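Presented below is the structure to which this report refers.
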Amino acid sequence: MTPEQIDHVILVGGSSYIPLVRKSLAEVFGEAKLVTTVDPLRSVAFGAALLAAKLVANPECSMVTPEVTEVHYGTQTQGDKFEVIIPRGTTIPTPEPLTRCFRVSVHGLRRIGLPIYAGHDQVASRNELLATLWLELPENLPAGTPVEISFGLDRDGILEFRASLSDGSGTAIVTYLGRGASRDRWERKVDRLLRLKHALRSQVTVETEQRWQGLYARAIQALSGNDLHAAEGCAAEMEELLQYVRRSQG
């Protein structure tokens, strides 16, 4: 909204008596739009009384100002840029999900970690890192497969996510949030091992692949249940298995 779209500016509160405040407002909106006939010290009380009377007369009347987001919510893109997904000023809860489309970077990628930030800085890492959104992808997805993620805020202002393949199949994707340094550490560890296994895929036998998939499934289940001890054990076995693959080819 621009100053030209504002019809009147009502000065409220003791600070409105400060000459510099009035001068600054007049420079932005114009002197004619400043309303000085209302008592600045009583106007809030008068407004509250009018609202109370309105609600008493009509209890079903909704005159409550909706809650809105105070910061942007978004993620980190290439070059540490902050891509805003839920902009500041969005109504809580969000009227409808806000969607973004991402693409699988390499063939066979099984997990995507999407850092979720809150703030105003255009540099993502300078904002507050809320959590990491992890997506568990189906097997053997080709590079470039589109993944659609829906973001929203519930009535309590808590982030909600849904993800699905945007390739026409509509296949739902399992998502969960990773919070806490310890949990994020093992999530990154499992993700690193998964990428390493992908790099060694030509050397992995069918039997080793089956064993790997079993360990991977157990690791993801442990992380989802916040069982970090079990996740650590699975990660250790996965790493040992990859070392065996390397030695056998050496």
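Going through the structure tokens in order, the chains are called A, B, and so on, while each chain numbers its residues from 1 and the ligands are numbered from 1 in the order shown.
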Using DSSP on the backbone coordinates, identify the residues of region 14-239 of chain A assigned to alpha helix (DSSP H); present them as a PyMOL selection string.
chain A and resi 19-29+43-57+181-199+206-224+228-239
Please identify all polymer residues within 12 Å of Gly13 (chain A), counting only C-alpha atoms, omitting same-chain residues fewer than 5 positions from it, and present them as a PDB file with C-alpha atoms, in the first residue's frame.
```pdb
ATOM      1  CA  ILE A  18       6.296  15.078  19.536  1.00  0.00           C
ATOM      2  CA  VAL A  21       6.814  12.729  14.680  1.00  0.00           C
ATOM      3  CA  THR A  36      -5.590  15.675  15.220  1.00  0.00           C
ATOM      4  CA  VAL A  38      -9.038  12.718  18.375  1.00  0.00           C
ATOM      5  CA  ASP A  39      -7.564  12.637  21.886  1.00  0.00           C
ATOM      6  CA  PRO A  40      -4.334  10.614  21.434  1.00  0.00           C
ATOM      7  CA  LEU A  41      -4.354   9.449  25.052  1.00  0.00           C
ATOM      8  CA  ARG A  42      -7.935   8.157  25.047  1.00  0.00           C
ATOM      9  CA  SER A  43      -8.503   6.979  21.491  1.00  0.00           C
ATOM     10  CA  VAL A  44      -7.315   3.412  22.142  1.00  0.00           C
ATOM     11  CA  ALA A  45      -9.663   3.098  25.120  1.00  0.00           C
TER      12      ALA A  45
END
```
Region 199-220 of chain A residues near region 107-120 of chain A within 12 Å, closest pair each, using only C-alpha atoms, as a Markdown table:
```
| residue | atom | partner | partner_atom | distance |
| --- | --- | --- | --- | --- |
| A:Ala199 | CA | A:Gly108 | CA | 10.4 |
| A:Arg201 | CA | A:Gly108 | CA | 9.9 |
| A:Gln213 | CA | A:Arg110 | CA | 10.9 |
| A:Tyr216 | CA | A:Arg110 | CA | 10.1 |
| A:Ala217 | CA | A:Arg110 | CA | 11.1 |
| A:Ile220 | CA | A:Arg111 | CA | 10.1 |
```
Work out how far CA of Gly157 (chain A) is from CA of Gly89 (chain A), in Å to one decimal.
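Between CA of Gly89 (chain A) and CA of Gly157 (chain A) the gap works out to 12.5 Å.
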Need to verify the contact set: region 69-71 of chain A, 12 Å, only C-alpha atoms, exclusion of same-chain residues closer than 3 positions in sequence. Can you return it as number ranges by chain?
A: 66, 74, 84-94, 117-121, 127-128, 152-159
If I take CA of Ala32 (chain A) and CA of Gly14 (chain A), how far is one from the other in Å, to one decimal?
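A separation of 20.6 Å between them.
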Residue nearest Gly144 (chain A) among A:Glu27, A:Glu187, A:Asp167, A:Glu239 (counting only C-alpha atoms):
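Going through A:Glu27, A:Glu187, A:Asp167, A:Glu239 one by one, the smallest distance to Gly144 (chain A) is for A:Asp167.
Minimum atom-to-atom distance to Arg247 (chain A), evaluated using only C-alpha atoms, belongs to A:Val204 out of A:Val204, A:Val123, A:Ala230, A:Ala235.
What separates CA of Asp191 (chain A) from CA of Trp134 (chain A) is a distance of 10.0 Å.
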Let's see if you can do this: from backbone DSSP, list all strand (DSSP E) residues in region 10-245 of chain A, as number ranges by chain.
A: 10, 34-35, 72-77, 81-86, 98-103, 111-119, 128-136, 146-153, 159-165, 172-178
